[in-house]
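Have a look at query16.txt; it's compact mmCIF, C-alpha atoms:
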```txt
# COMPACT_ATOMS: atom_id res chain seq x y z
CA MET I 228 144.67 214.05 -60.29
CA PRO I 229 147.05 215.07 -63.05
CA VAL I 230 149.83 217.53 -62.24
CA THR I 231 149.39 220.93 -63.89
CA ALA I 232 152.32 221.45 -66.26
CA LEU I 233 152.95 225.10 -67.09
CA ILE I 234 154.68 225.63 -70.44
CA PRO I 235 155.75 229.26 -70.93
CA TYR I 236 155.67 230.33 -74.57
CA LYS I 237 156.24 233.56 -76.48
CA PRO I 238 154.65 233.25 -79.94
CA ARG I 239 155.92 236.58 -81.22
CA ASN I 240 159.64 236.86 -81.96
CA PRO I 241 160.61 233.65 -80.16
CA LYS I 242 164.23 233.45 -79.09
CA THR I 243 165.32 231.53 -82.16
CA ARG I 244 163.67 230.35 -85.30
CA LEU I 245 164.49 226.81 -84.23
CA SER I 246 162.23 226.84 -81.20
CA CYS I 247 160.15 223.73 -81.23
CA VAL I 248 157.02 223.00 -79.38
CA LEU I 249 156.80 220.18 -76.94
CA ASP I 250 154.29 217.60 -78.00
CA PRO I 251 151.51 217.77 -75.43
CA GLU I 252 152.17 214.20 -74.42
CA GLU I 253 152.43 215.26 -70.79
CA ARG I 254 148.93 213.93 -70.62
CA GLU I 255 150.33 210.41 -70.88
CA ALA I 256 152.83 211.30 -68.18
CA GLY I 257 150.08 212.24 -65.73
CA CYS I 258 150.13 215.95 -66.50
CA ARG I 259 147.60 218.52 -67.68
CA PRO I 260 149.52 220.89 -69.95
CA VAL I 261 148.73 224.59 -69.68
CA VAL I 262 150.51 226.84 -72.16
CA LEU I 263 151.34 230.22 -70.63
CA SER I 264 151.51 232.46 -73.66
CA THR I 265 152.41 236.14 -73.80
CA GLU I 266 149.44 236.56 -76.14
CA PRO I 267 146.43 234.52 -77.32
CA TYR I 268 147.63 231.68 -79.52
CA PRO I 269 145.99 228.40 -80.52
CA PHE I 270 147.73 225.25 -79.27
CA GLY I 271 145.84 222.18 -80.38
CA ASP I 272 143.72 220.98 -77.50
CA ALA I 273 146.02 222.23 -74.73
CA GLU I 274 144.67 224.94 -72.46
CA VAL I 275 146.22 228.31 -73.26
CA GLN I 276 146.41 231.18 -70.77
CA ALA I 277 147.42 234.49 -72.29
CA VAL I 278 149.48 236.22 -69.60
CA PRO I 279 151.49 239.23 -70.72
CA GLY I 280 154.52 240.01 -68.56
CA GLY I 281 158.01 238.84 -67.74
CA LEU I 282 158.65 235.13 -67.27
CA ASN I 283 159.74 235.37 -63.63
CA GLU I 284 157.00 237.80 -62.58
CA VAL I 285 154.24 235.76 -64.22
CA LEU I 286 155.45 232.45 -62.82
CA ASN I 287 156.09 233.77 -59.32
CA GLY I 288 152.59 235.20 -59.24
CA ILE I 289 151.19 231.77 -60.04
CA LEU I 290 153.51 229.99 -57.59
CA GLU I 291 152.42 232.26 -54.77
CA GLY I 292 148.81 231.26 -55.24
CA THR I 293 149.45 227.52 -55.61
CA PRO I 294 149.78 225.56 -52.37
CA GLY I 295 149.92 222.21 -54.17
CA GLU I 296 152.10 220.65 -56.82
CA LEU I 297 153.13 222.20 -60.13
CA LEU I 298 155.46 221.42 -63.00
CA ILE I 299 157.13 224.15 -65.06
CA ILE I 300 158.65 222.85 -68.27
CA MET I 301 160.22 224.70 -71.16
CA ALA I 302 158.72 224.59 -74.65
CA ASP I 303 161.93 223.83 -76.58
CA LEU I 304 162.35 220.24 -75.43
CA PRO I 305 161.24 218.11 -78.38
CA LEU I 306 163.08 215.03 -77.07
CA ALA I 307 160.78 214.92 -74.03
CA VAL I 308 158.99 211.60 -73.59
CA PRO I 309 156.39 210.62 -70.98
CA ALA I 310 158.85 208.36 -69.10
CA ALA I 311 161.25 211.26 -68.58
CA VAL I 312 158.49 213.60 -67.37
CA ARG I 313 157.26 210.89 -65.02
CA ARG I 314 160.71 210.64 -63.41
CA VAL I 315 160.50 214.35 -62.65
CA ILE I 316 157.03 214.36 -61.12
CA SER I 317 157.57 211.23 -59.05
CA THR I 318 160.47 212.56 -56.98
CA ALA I 319 160.57 211.66 -53.30
CA GLY I 320 161.99 215.14 -52.56
CA ASP I 321 160.20 218.44 -52.03
CA MET I 322 161.03 219.30 -55.61
CA ALA I 323 162.96 218.10 -58.67
CA MET I 324 164.84 219.96 -61.37
CA VAL I 325 166.32 219.13 -64.75
CA PRO I 326 169.22 221.35 -65.82
CA GLY I 327 169.44 222.56 -69.40
CA ARG I 328 172.66 222.92 -71.34
CA GLY I 329 174.67 225.99 -70.36
CA GLY I 330 173.36 226.40 -66.84
CA GLY I 331 169.66 226.83 -67.59
CA THR I 332 166.72 225.10 -65.93
CA ASN I 333 164.53 223.06 -68.26
CA ALA I 334 162.04 221.66 -65.77
CA ILE I 335 161.07 222.34 -62.17
CA TYR I 336 158.60 220.19 -60.29
CA LEU I 337 157.35 221.49 -56.96
CA THR I 338 155.29 219.51 -54.47
CA ARG I 339 154.37 222.81 -52.71
CA ALA I 340 154.65 225.51 -55.35
CA SER I 341 154.09 228.43 -52.96
CA ALA I 342 157.26 227.48 -51.04
CA PHE I 343 159.45 228.32 -54.05
CA ARG I 344 160.13 231.20 -56.37
CA VAL I 345 161.79 231.10 -59.77
CA ASP I 346 164.67 233.17 -61.13
CA TYR I 347 165.21 232.31 -64.81
CA TYR I 348 167.89 233.65 -67.19
CA GLY I 349 171.66 233.31 -66.82
CA ALA I 350 172.86 230.36 -64.77
CA SER I 351 169.35 229.77 -63.44
CA PHE I 352 170.13 226.20 -62.39
CA LEU I 353 172.63 227.50 -59.83
CA LYS I 354 170.19 230.20 -58.70
CA HIS I 355 167.35 227.69 -58.34
CA SER I 356 169.61 225.30 -56.42
CA ALA I 357 170.51 228.13 -54.03
CA ILE I 358 166.85 229.14 -53.58
CA ALA I 359 165.95 225.54 -52.74
CA ARG I 360 168.79 225.37 -50.22
CA ASP I 361 167.86 228.71 -48.63
CA ARG I 362 164.27 227.59 -48.22
CA GLY I 363 165.17 224.19 -46.80
CA LEU I 364 163.64 222.32 -49.76
CA GLN I 365 165.11 218.95 -50.66
CA CYS I 366 165.72 219.05 -54.41
CA GLU I 367 166.40 216.01 -56.60
CA VAL I 368 168.30 216.60 -59.84
CA ILE I 369 166.88 214.35 -62.55
CA ASP I 370 169.56 212.92 -64.82
CA SER I 371 167.88 212.99 -68.26
CA PHE I 372 169.45 213.96 -71.57
CA ARG I 373 165.98 214.09 -73.15
CA LEU I 374 164.91 216.93 -70.88
CA HIS I 375 168.43 218.43 -70.78
CA THR I 376 168.65 218.94 -74.54
CA ASP I 377 167.14 222.26 -75.54
CA ILE I 378 167.14 222.97 -79.25
CA ASP I 379 168.83 226.33 -79.79
CA GLU I 380 171.29 225.96 -82.62
CA LYS I 381 171.64 224.20 -85.91
CA GLU I 382 173.78 221.38 -84.55
CA ASP I 383 171.13 220.63 -81.94
CA LEU I 384 168.90 219.46 -84.79
CA VAL I 385 171.14 216.37 -85.02
CA GLU I 386 169.83 215.34 -81.61
CA LEU I 387 166.25 215.79 -82.75
CA LEU I 388 166.81 213.77 -85.94
CA ILE I 389 168.48 210.95 -83.99
CA HIS I 390 166.42 210.81 -80.80
CA GLY I 391 163.13 212.52 -81.65
CA THR I 392 160.03 210.38 -81.51
CA GLY I 393 157.25 212.89 -82.06
CA ARG I 394 155.91 215.60 -84.30
CA SER I 395 158.94 217.88 -84.16
CA ARG I 396 161.16 215.30 -85.83
CA LYS I 397 158.51 214.59 -88.44
CA TYR I 398 158.23 218.33 -89.06
CA LEU I 399 161.97 218.59 -89.68
CA GLU I 400 161.98 215.57 -91.98
CA ASP I 401 159.05 216.96 -93.94
CA LEU I 402 161.08 220.14 -94.43
CA GLY I 403 163.81 218.02 -96.04
CA PHE I 404 166.27 217.83 -93.13
CA SER I 405 168.35 214.72 -92.67
CA ILE I 406 171.57 213.62 -91.00
CA SER I 407 174.80 214.00 -92.93
CA ILE I 408 178.19 212.56 -92.12
CA GLU I 409 181.28 214.27 -93.46
CA LYS I 410 184.78 213.32 -92.38
CA GLY I 411 183.40 211.52 -89.36
CA ARG I 412 181.45 214.53 -88.11
CA VAL I 413 177.69 214.29 -87.89
CA GLY I 414 175.65 217.25 -89.08
CA VAL I 415 172.36 218.10 -90.77
CA THR I 416 171.65 218.86 -94.40
CA ARG I 417 168.51 220.14 -96.03
CA LYS I 418 167.20 219.06 -99.37
CA ARG I 419 164.68 221.57 -100.66
CA ALA I 420 161.80 220.20 -102.67
CA MET Q 188 181.15 190.02 -59.14
CA PRO Q 189 181.90 193.49 -60.46
CA VAL Q 190 181.29 194.19 -64.15
CA THR Q 191 184.48 194.80 -66.14
CA ALA Q 192 184.34 198.36 -67.46
CA LEU Q 193 186.62 198.94 -70.44
CA ILE Q 194 187.73 202.56 -70.86
CA PRO Q 195 189.54 203.13 -74.18
CA TYR Q 196 192.19 205.81 -73.95
CA LYS Q 197 194.82 207.27 -76.27
CA PRO Q 198 197.46 209.07 -74.19
CA ARG Q 199 199.38 210.44 -77.16
CA ASN Q 200 197.73 213.22 -79.16
CA PRO Q 201 194.29 212.79 -77.65
CA LYS Q 202 191.44 214.18 -79.75
CA THR Q 203 191.37 217.48 -77.93
CA ARG Q 204 193.34 219.14 -75.20
CA LEU Q 205 190.16 219.19 -73.16
CA SER Q 206 189.90 215.43 -72.86
CA CYS Q 207 189.26 214.59 -69.29
CA VAL Q 208 189.68 211.36 -67.49
CA LEU Q 209 186.78 209.65 -65.87
CA ASP Q 210 187.24 209.31 -62.15
CA PRO Q 211 187.57 205.60 -61.51
CA GLU Q 212 184.48 205.64 -59.34
CA GLU Q 213 183.01 202.81 -61.36
CA ARG Q 214 184.22 200.76 -58.45
CA GLU Q 215 181.41 202.23 -56.35
CA ALA Q 216 179.03 201.48 -59.18
CA GLY Q 217 179.87 197.77 -59.10
CA CYS Q 218 182.48 197.92 -61.86
CA ARG Q 219 186.13 197.02 -62.17
CA PRO Q 220 187.66 199.68 -64.45
CA VAL Q 221 190.22 198.53 -67.02
CA VAL Q 222 191.84 201.27 -69.07
CA LEU Q 223 192.56 200.12 -72.62
CA SER Q 224 195.43 202.33 -73.64
CA THR Q 225 197.18 202.52 -76.99
CA GLU Q 226 200.46 202.52 -75.07
CA PRO Q 227 201.63 201.94 -71.47
CA TYR Q 228 200.41 204.78 -69.27
CA PRO Q 229 199.97 205.01 -65.49
CA PHE Q 230 196.37 205.44 -64.30
CA GLY Q 231 196.22 205.59 -60.52
CA ASP Q 232 195.23 202.19 -59.25
CA ALA Q 233 193.12 201.20 -62.25
CA GLU Q 234 194.33 198.24 -64.31
CA VAL Q 235 195.86 199.39 -67.60
CA GLN Q 236 196.11 197.15 -70.67
CA ALA Q 237 198.31 198.56 -73.40
CA VAL Q 238 196.68 197.44 -76.66
CA PRO Q 239 197.90 199.14 -79.80
CA GLY Q 240 195.43 199.14 -82.68
CA GLY Q 241 192.24 200.74 -83.88
CA LEU Q 242 189.39 201.20 -81.43
CA ASN Q 243 186.91 198.96 -83.24
CA GLU Q 244 189.41 196.19 -83.98
CA VAL Q 245 190.70 196.06 -80.40
CA LEU Q 246 187.24 196.11 -78.83
CA ASN Q 247 185.75 193.57 -81.22
CA GLY Q 248 188.64 191.22 -80.48
CA ILE Q 249 187.84 191.46 -76.77
CA LEU Q 250 184.08 191.15 -77.32
CA GLU Q 251 184.54 187.96 -79.33
CA GLY Q 252 186.33 186.30 -76.44
CA THR Q 253 183.90 187.45 -73.74
CA PRO Q 254 180.77 185.32 -73.30
CA GLY Q 255 179.66 187.27 -70.20
CA GLU Q 256 178.89 190.87 -69.40
CA LEU Q 257 181.00 193.90 -70.24
CA LEU Q 258 180.73 197.66 -70.08
CA ILE Q 259 182.50 199.94 -72.55
CA ILE Q 260 182.57 203.55 -71.44
CA MET Q 261 184.31 206.55 -72.94
CA ALA Q 262 187.02 208.43 -71.05
CA ASP Q 263 185.73 211.97 -71.64
CA LEU Q 264 182.71 211.78 -69.34
CA PRO Q 265 183.69 213.71 -66.23
CA LEU Q 266 180.06 214.16 -65.15
CA ALA Q 267 179.69 210.40 -64.69
CA VAL Q 268 178.52 209.40 -61.22
CA PRO Q 269 178.05 205.90 -59.78
CA ALA Q 270 174.22 206.17 -59.86
CA ALA Q 271 174.27 206.83 -63.61
CA VAL Q 272 176.63 203.91 -64.30
CA ARG Q 273 174.45 201.67 -62.15
CA ARG Q 274 171.40 202.51 -64.28
CA VAL Q 275 173.34 201.31 -67.33
CA ILE Q 276 174.55 198.01 -65.88
CA SER Q 277 171.23 197.11 -64.28
CA THR Q 278 169.21 197.04 -67.50
CA ALA Q 279 166.62 194.30 -67.89
CA GLY Q 280 167.46 194.12 -71.62
CA ASP Q 281 170.20 192.21 -73.41
CA MET Q 282 172.17 195.43 -73.52
CA ALA Q 283 171.98 199.14 -72.75
CA MET Q 284 173.45 202.18 -74.47
CA VAL Q 285 173.92 205.84 -73.67
CA PRO Q 286 174.12 208.15 -76.69
CA GLY Q 287 176.67 210.95 -76.74
CA ARG Q 288 176.03 214.37 -78.21
CA GLY Q 289 176.15 214.42 -82.01
CA GLY Q 290 175.27 210.79 -82.63
CA GLY Q 291 178.10 209.11 -80.75
CA THR Q 292 177.90 206.25 -78.26
CA ASN Q 293 179.22 207.05 -74.80
CA ALA Q 294 178.51 203.76 -73.04
CA ILE Q 295 177.53 200.25 -74.08
CA TYR Q 296 176.68 197.56 -71.56
CA LEU Q 297 176.38 194.02 -72.87
CA THR Q 298 175.04 191.07 -70.91
CA ARG Q 299 176.62 188.71 -73.49
CA ALA Q 300 179.50 190.62 -75.05
CA SER Q 301 180.28 188.02 -77.72
CA ALA Q 302 176.81 188.52 -79.23
CA PHE Q 303 177.65 192.10 -80.25
CA ARG Q 304 180.24 193.99 -82.22
CA VAL Q 305 181.05 197.67 -82.07
CA ASP Q 306 181.32 200.22 -84.89
CA TYR Q 307 182.49 203.54 -83.46
CA TYR Q 308 183.01 206.85 -85.30
CA GLY Q 309 180.39 208.88 -87.17
CA ALA Q 310 176.80 208.36 -86.07
CA SER Q 311 177.79 205.27 -84.09
CA PHE Q 312 174.64 205.36 -81.99
CA LEU Q 313 172.55 204.68 -85.10
CA LYS Q 314 174.99 201.97 -86.23
CA HIS Q 315 174.96 200.31 -82.81
CA SER Q 316 171.16 200.46 -82.70
CA ALA Q 317 171.05 198.75 -86.10
CA ILE Q 318 173.55 196.06 -85.04
CA ALA Q 319 171.46 195.31 -81.93
CA ARG Q 320 168.32 195.05 -84.05
CA ASP Q 321 169.99 192.84 -86.65
CA ARG Q 322 171.21 190.49 -83.92
CA GLY Q 323 167.88 190.35 -82.13
CA LEU Q 324 169.26 191.99 -78.98
CA GLN Q 325 166.89 194.01 -76.88
CA CYS Q 326 168.61 197.32 -76.21
CA GLU Q 327 167.58 199.82 -73.56
CA VAL Q 328 168.58 203.46 -74.15
CA ILE Q 329 169.53 205.04 -70.82
CA ASP Q 330 168.33 208.63 -70.51
CA SER Q 331 171.23 210.32 -68.67
CA PHE Q 332 172.68 213.76 -69.34
CA ARG Q 333 175.64 212.92 -67.11
CA LEU Q 334 176.75 210.12 -69.42
CA HIS Q 335 175.53 211.96 -72.54
CA THR Q 336 177.74 215.01 -71.98
CA ASP Q 337 181.16 214.49 -73.51
CA ILE Q 338 183.59 217.32 -73.01
CA ASP Q 339 184.89 218.33 -76.44
CA GLU Q 340 184.75 222.09 -76.69
CA LYS Q 341 185.29 225.13 -74.54
CA GLU Q 342 181.60 225.70 -73.86
CA ASP Q 343 181.30 222.13 -72.57
CA LEU Q 344 183.47 223.20 -69.63
CA VAL Q 345 180.43 225.11 -68.34
CA GLU Q 346 178.73 221.76 -67.79
CA LEU Q 347 181.73 220.46 -65.86
CA LEU Q 348 181.92 223.57 -63.66
CA ILE Q 349 178.19 223.40 -62.91
CA HIS Q 350 177.59 219.65 -62.59
CA GLY Q 351 181.01 218.14 -61.91
CA THR Q 352 181.45 216.45 -58.58
CA GLY Q 353 184.89 214.90 -58.90
CA ARG Q 354 188.52 215.52 -59.67
CA SER Q 355 188.03 216.95 -63.16
CA ARG Q 356 186.09 219.93 -61.85
CA LYS Q 357 188.65 220.48 -59.09
CA TYR Q 358 191.38 220.33 -61.73
CA LEU Q 359 189.67 223.04 -63.80
CA GLU Q 360 189.10 225.24 -60.78
CA ASP Q 361 192.74 224.86 -59.72
CA LEU Q 362 193.70 226.07 -63.20
CA GLY Q 363 191.70 229.23 -62.54
CA PHE Q 364 188.56 228.42 -64.55
CA SER Q 365 185.22 229.70 -63.35
CA ILE Q 366 181.77 230.45 -64.69
CA SER Q 367 181.13 233.85 -66.19
CA ILE Q 368 177.83 235.42 -67.13
CA GLU Q 369 177.77 238.12 -69.77
CA LYS Q 370 174.56 239.50 -71.21
CA GLY Q 371 172.67 236.51 -69.89
CA ARG Q 372 174.93 233.97 -71.58
CA VAL Q 373 176.87 231.56 -69.42
CA GLY Q 374 180.50 230.91 -70.33
CA VAL Q 375 183.86 230.18 -68.74
CA THR Q 376 186.69 232.52 -67.91
CA ARG Q 377 190.19 231.77 -66.74
CA LYS Q 378 192.13 233.79 -64.24
CA ARG Q 379 195.81 232.99 -64.48
CA ALA Q 380 197.76 233.04 -61.24
```

Using the file provided, produce a representation of the structure as structure tokens.
Amino acid sequence: MPVTALIPYKPRNPKTRLSCVLDPEEREAGCRPVVLSTEPYPFGDAEVQAVPGGLNEVLNGILEGTPGELLIIMADLPLAVPAAVRRVISTAGDMAMVPGRGGGTNAIYLTRASAFRVDYYGASFLKHSAIARDRGLQCEVIDSFRLHTDIDEKEDLVELLIHGTGRSRKYLEDLGFSISIEKGRVGVTRKRA
Amino acid sequence: MPVTALIPYKPRNPKTRLSCVLDPEEREAGCRPVVLSTEPYPFGDAEVQAVPGGLNEVLNGILEGTPGELLIIMADLPLAVPAAVRRVISTAGDMAMVPGRGGGTNAIYLTRASAFRVDYYGASFLKHSAIARDRGLQCEVIDSFRLHTDIDEKEDLVELLIHGTGRSRKYLEDLGFSISIEKGRVGVTRKRA
């Protein structure tokens, strides 16, 4: 049975204009993606659940009612590939996490979701590590730059142009973005049609 | 036999004051670290070869004379752990690479070093990928945030304080650095004694 992969998403006023949407290739990784959206929003053929409310409250409500396994993965990870997601969901521990840049948590896989609770924002990776420890859950940290790299700022687009394999990279290229190298530093430029 | 791991290092005027030195724990990862320094410089019990010259010229000279395997790994990777290095040197391909942030190349493992040549600076990861392709070498890209994260700027120190396990983190903490969280953003502060 595929693992349910919850992907929280806020279509209105997303954090940054750069937010990219994960290609729903979790399917290939043995997952069934479910987009948790703050309001109704079409998402290709992925299931969308419109759940208004704060991220932590909504997720903890779901965790409480889920005795089995669950993956929570952020939407701004366009470098994600099935192999990386598979490493997360095939942990031998009680759970696995992938840290994001700057102390965030980009993915959490739980073999028994109801045994955990989430606490996003701030240095959530440290908070989640402490929660796992307090609850006696063995947590594996998955060492993946593809799931570690969230796209927040302009320079992050370099990573997408170099390592992207899916629609997000194509989208950027279609908008005229490409890599530029000036005085040895790698950046992005945009040629407008 | 342990893999020789070349670690280029420039003790005088290093790129940034933040440059950190990789703990020589490659030993545990099945490597024999050799620091390639632009001038004589003591480095604990690691072998140091003082080789003046440009990075590419020096390395390509060594590659040419090395029919067997070789690892080249950058010095500013304080999140490196033996397990990550082992993933690199146990590739089933002809070679393996780990990209750095911004298009760089943080590690290159070659099963037949003389079959390759390096071209660092700029978007070297793209150049190295092209060289591998041109030479018919099958190259595995290792998906590791620990080897991907080079420490260049102040905000990178957050990563070291959160994920560091070795001497570099201890060094920072002894200098009074710690994580700070202001308005949900994670940064570093320094308390001077």

Using only C-alpha atoms, I'd like every residue of chain Q that has an atom within 6 Å of chain I; please write them out as a PyMOL selection string.
chain Q and resi 309+330-332+371-372

Output file for the selection above: C-alpha atoms, as a PDB file, keeping the file's coordinate frame:
```
ATOM      1  CA  GLY Q 309     180.390 208.880 -87.170  1.00  0.00           C
ATOM      2  CA  ASP Q 330     168.330 208.630 -70.510  1.00  0.00           C
ATOM      3  CA  SER Q 331     171.230 210.320 -68.670  1.00  0.00           C
ATOM      4  CA  PHE Q 332     172.680 213.760 -69.340  1.00  0.00           C
ATOM      5  CA  GLY Q 371     172.670 236.510 -69.890  1.00  0.00           C
ATOM      6  CA  ARG Q 372     174.930 233.970 -71.580  1.00  0.00           C
TER       7      ARG Q 372
END
```

Point-to-point distance from CA of Gly403 (chain I) to CA of Ala307 (chain I), Å rounded to tenths
22.4 Å

How many Å lie between CA of Lys378 (chain Q) and CA of Arg354 (chain Q), rounded to one decimal?
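Separation between CA of Lys378 (chain Q) and CA of Arg354 (chain Q): 19.2 Å.
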
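Near (189.5, 230.5, -59.6), the residues inside the 12 Å limit, counting only C-alpha atoms, come to Leu348, Arg356, Lys357, Tyr358, Leu359, Glu360, Asp361, Leu362, Gly363, Phe364, Ser365, Ile366, Ser367, Val375, Thr376, Arg377, Lys378, Arg379 and Ala380 of chain Q.
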
Is there a way to get, as an mmCIF file with C-alpha atoms, in the frame of the given file, all residues within 8 Å of the point (191.2, 198.2, -68.6) in file coordinates, counting all atoms listed in the file?
```cif
data_model
loop_
_atom_site.group_PDB
_atom_site.id
_atom_site.type_symbol
_atom_site.label_atom_id
_atom_site.label_comp_id
_atom_site.auth_asym_id
_atom_site.auth_seq_id
_atom_site.Cartn_x
_atom_site.Cartn_y
_atom_site.Cartn_z
ATOM 1 C CA THR Q 191 184.480 194.800 -66.140
ATOM 2 C CA ALA Q 192 184.340 198.360 -67.460
ATOM 3 C CA LEU Q 193 186.620 198.940 -70.440
ATOM 4 C CA ILE Q 194 187.730 202.560 -70.860
ATOM 5 C CA PRO Q 195 189.540 203.130 -74.180
ATOM 6 C CA PRO Q 220 187.660 199.680 -64.450
ATOM 7 C CA VAL Q 221 190.220 198.530 -67.020
ATOM 8 C CA VAL Q 222 191.840 201.270 -69.070
ATOM 9 C CA LEU Q 223 192.560 200.120 -72.620
ATOM 10 C CA SER Q 224 195.430 202.330 -73.640
ATOM 11 C CA ALA Q 233 193.120 201.200 -62.250
ATOM 12 C CA GLU Q 234 194.330 198.240 -64.310
ATOM 13 C CA VAL Q 235 195.860 199.390 -67.600
ATOM 14 C CA GLN Q 236 196.110 197.150 -70.670
#
```

Record the distance separating CA of Asp337 (chain Q) and CA of Leu264 (chain Q), expressed in Å with one decimal.
5.2 Å

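Here the question is which of Q:Thr278, Q:Tyr196, Q:Asp321, Q:Gly240 gets nearest to Ile260 (chain Q) using only C-alpha atoms, and that residue is Q:Tyr196.
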
As a list in words, please: the residues near Leu297 (chain I) (cut-off 10 Å, only C-alpha atoms, same-chain neighbours under 2 positions excluded).
Pro229, Val230, Thr231, Ala232, Leu233, Cys258, Ile289, Leu290, Thr293, Pro294, Gly295, Ile299, Ile300, Ile316, Met322, Ile335, Tyr336, Leu337, Thr338, Arg339, Ala340 and Ser341 of chain I

Would you mind exporting the chosen residues as a PDB file, in the frame of the given file, restricted to C-alpha atoms?
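Contents of part_3.pdb, as written:
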```pdb
ATOM      1  CA  PRO I 229     147.050 215.070 -63.050  1.00  0.00           C
ATOM      2  CA  VAL I 230     149.830 217.530 -62.240  1.00  0.00           C
ATOM      3  CA  THR I 231     149.390 220.930 -63.890  1.00  0.00           C
ATOM      4  CA  ALA I 232     152.320 221.450 -66.260  1.00  0.00           C
ATOM      5  CA  LEU I 233     152.950 225.100 -67.090  1.00  0.00           C
ATOM      6  CA  CYS I 258     150.130 215.950 -66.500  1.00  0.00           C
ATOM      7  CA  ILE I 289     151.190 231.770 -60.040  1.00  0.00           C
ATOM      8  CA  LEU I 290     153.510 229.990 -57.590  1.00  0.00           C
ATOM      9  CA  THR I 293     149.450 227.520 -55.610  1.00  0.00           C
ATOM     10  CA  PRO I 294     149.780 225.560 -52.370  1.00  0.00           C
ATOM     11  CA  GLY I 295     149.920 222.210 -54.170  1.00  0.00           C
ATOM     12  CA  ILE I 299     157.130 224.150 -65.060  1.00  0.00           C
ATOM     13  CA  ILE I 300     158.650 222.850 -68.270  1.00  0.00           C
ATOM     14  CA  ILE I 316     157.030 214.360 -61.120  1.00  0.00           C
ATOM     15  CA  MET I 322     161.030 219.300 -55.610  1.00  0.00           C
ATOM     16  CA  ILE I 335     161.070 222.340 -62.170  1.00  0.00           C
ATOM     17  CA  TYR I 336     158.600 220.190 -60.290  1.00  0.00           C
ATOM     18  CA  LEU I 337     157.350 221.490 -56.960  1.00  0.00           C
ATOM     19  CA  THR I 338     155.290 219.510 -54.470  1.00  0.00           C
ATOM     20  CA  ARG I 339     154.370 222.810 -52.710  1.00  0.00           C
ATOM     21  CA  ALA I 340     154.650 225.510 -55.350  1.00  0.00           C
ATOM     22  CA  SER I 341     154.090 228.430 -52.960  1.00  0.00           C
TER      23      SER I 341
END
```

Please define a box with edges along x, y and z of the file around all atoms of region 356-362 of chain Q given in the file, extend it by 3 Å on each side, and return its centre and edge lengths in Å to one decimal, as JSON.
```
{"center_x": 189.9, "center_y": 223.0, "center_z": -61.4, "size_x": 13.6, "size_y": 12.1, "size_z": 10.7}
```

Counting only C-alpha atoms, the option among I:Val368, I:Leu298, I:Pro238, I:Lys381 closest to Phe270 (chain I)
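The shortest atom-to-atom distance to Phe270 (chain I) comes from I:Pro238.
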
Spatial neighbours of Cys326 (chain Q), 9 Å, all atoms listed in the file, chain gap at least 3 places, as an NGL selection string:
:Q and (278 or 280-284 or 316 or 319-320)

Smallest atom-to-atom distance to Gly217 (chain Q): which of Q:Val272, Q:Ala237, Q:Ala262, Q:Leu242, using only C-alpha atoms?
Q:Val272
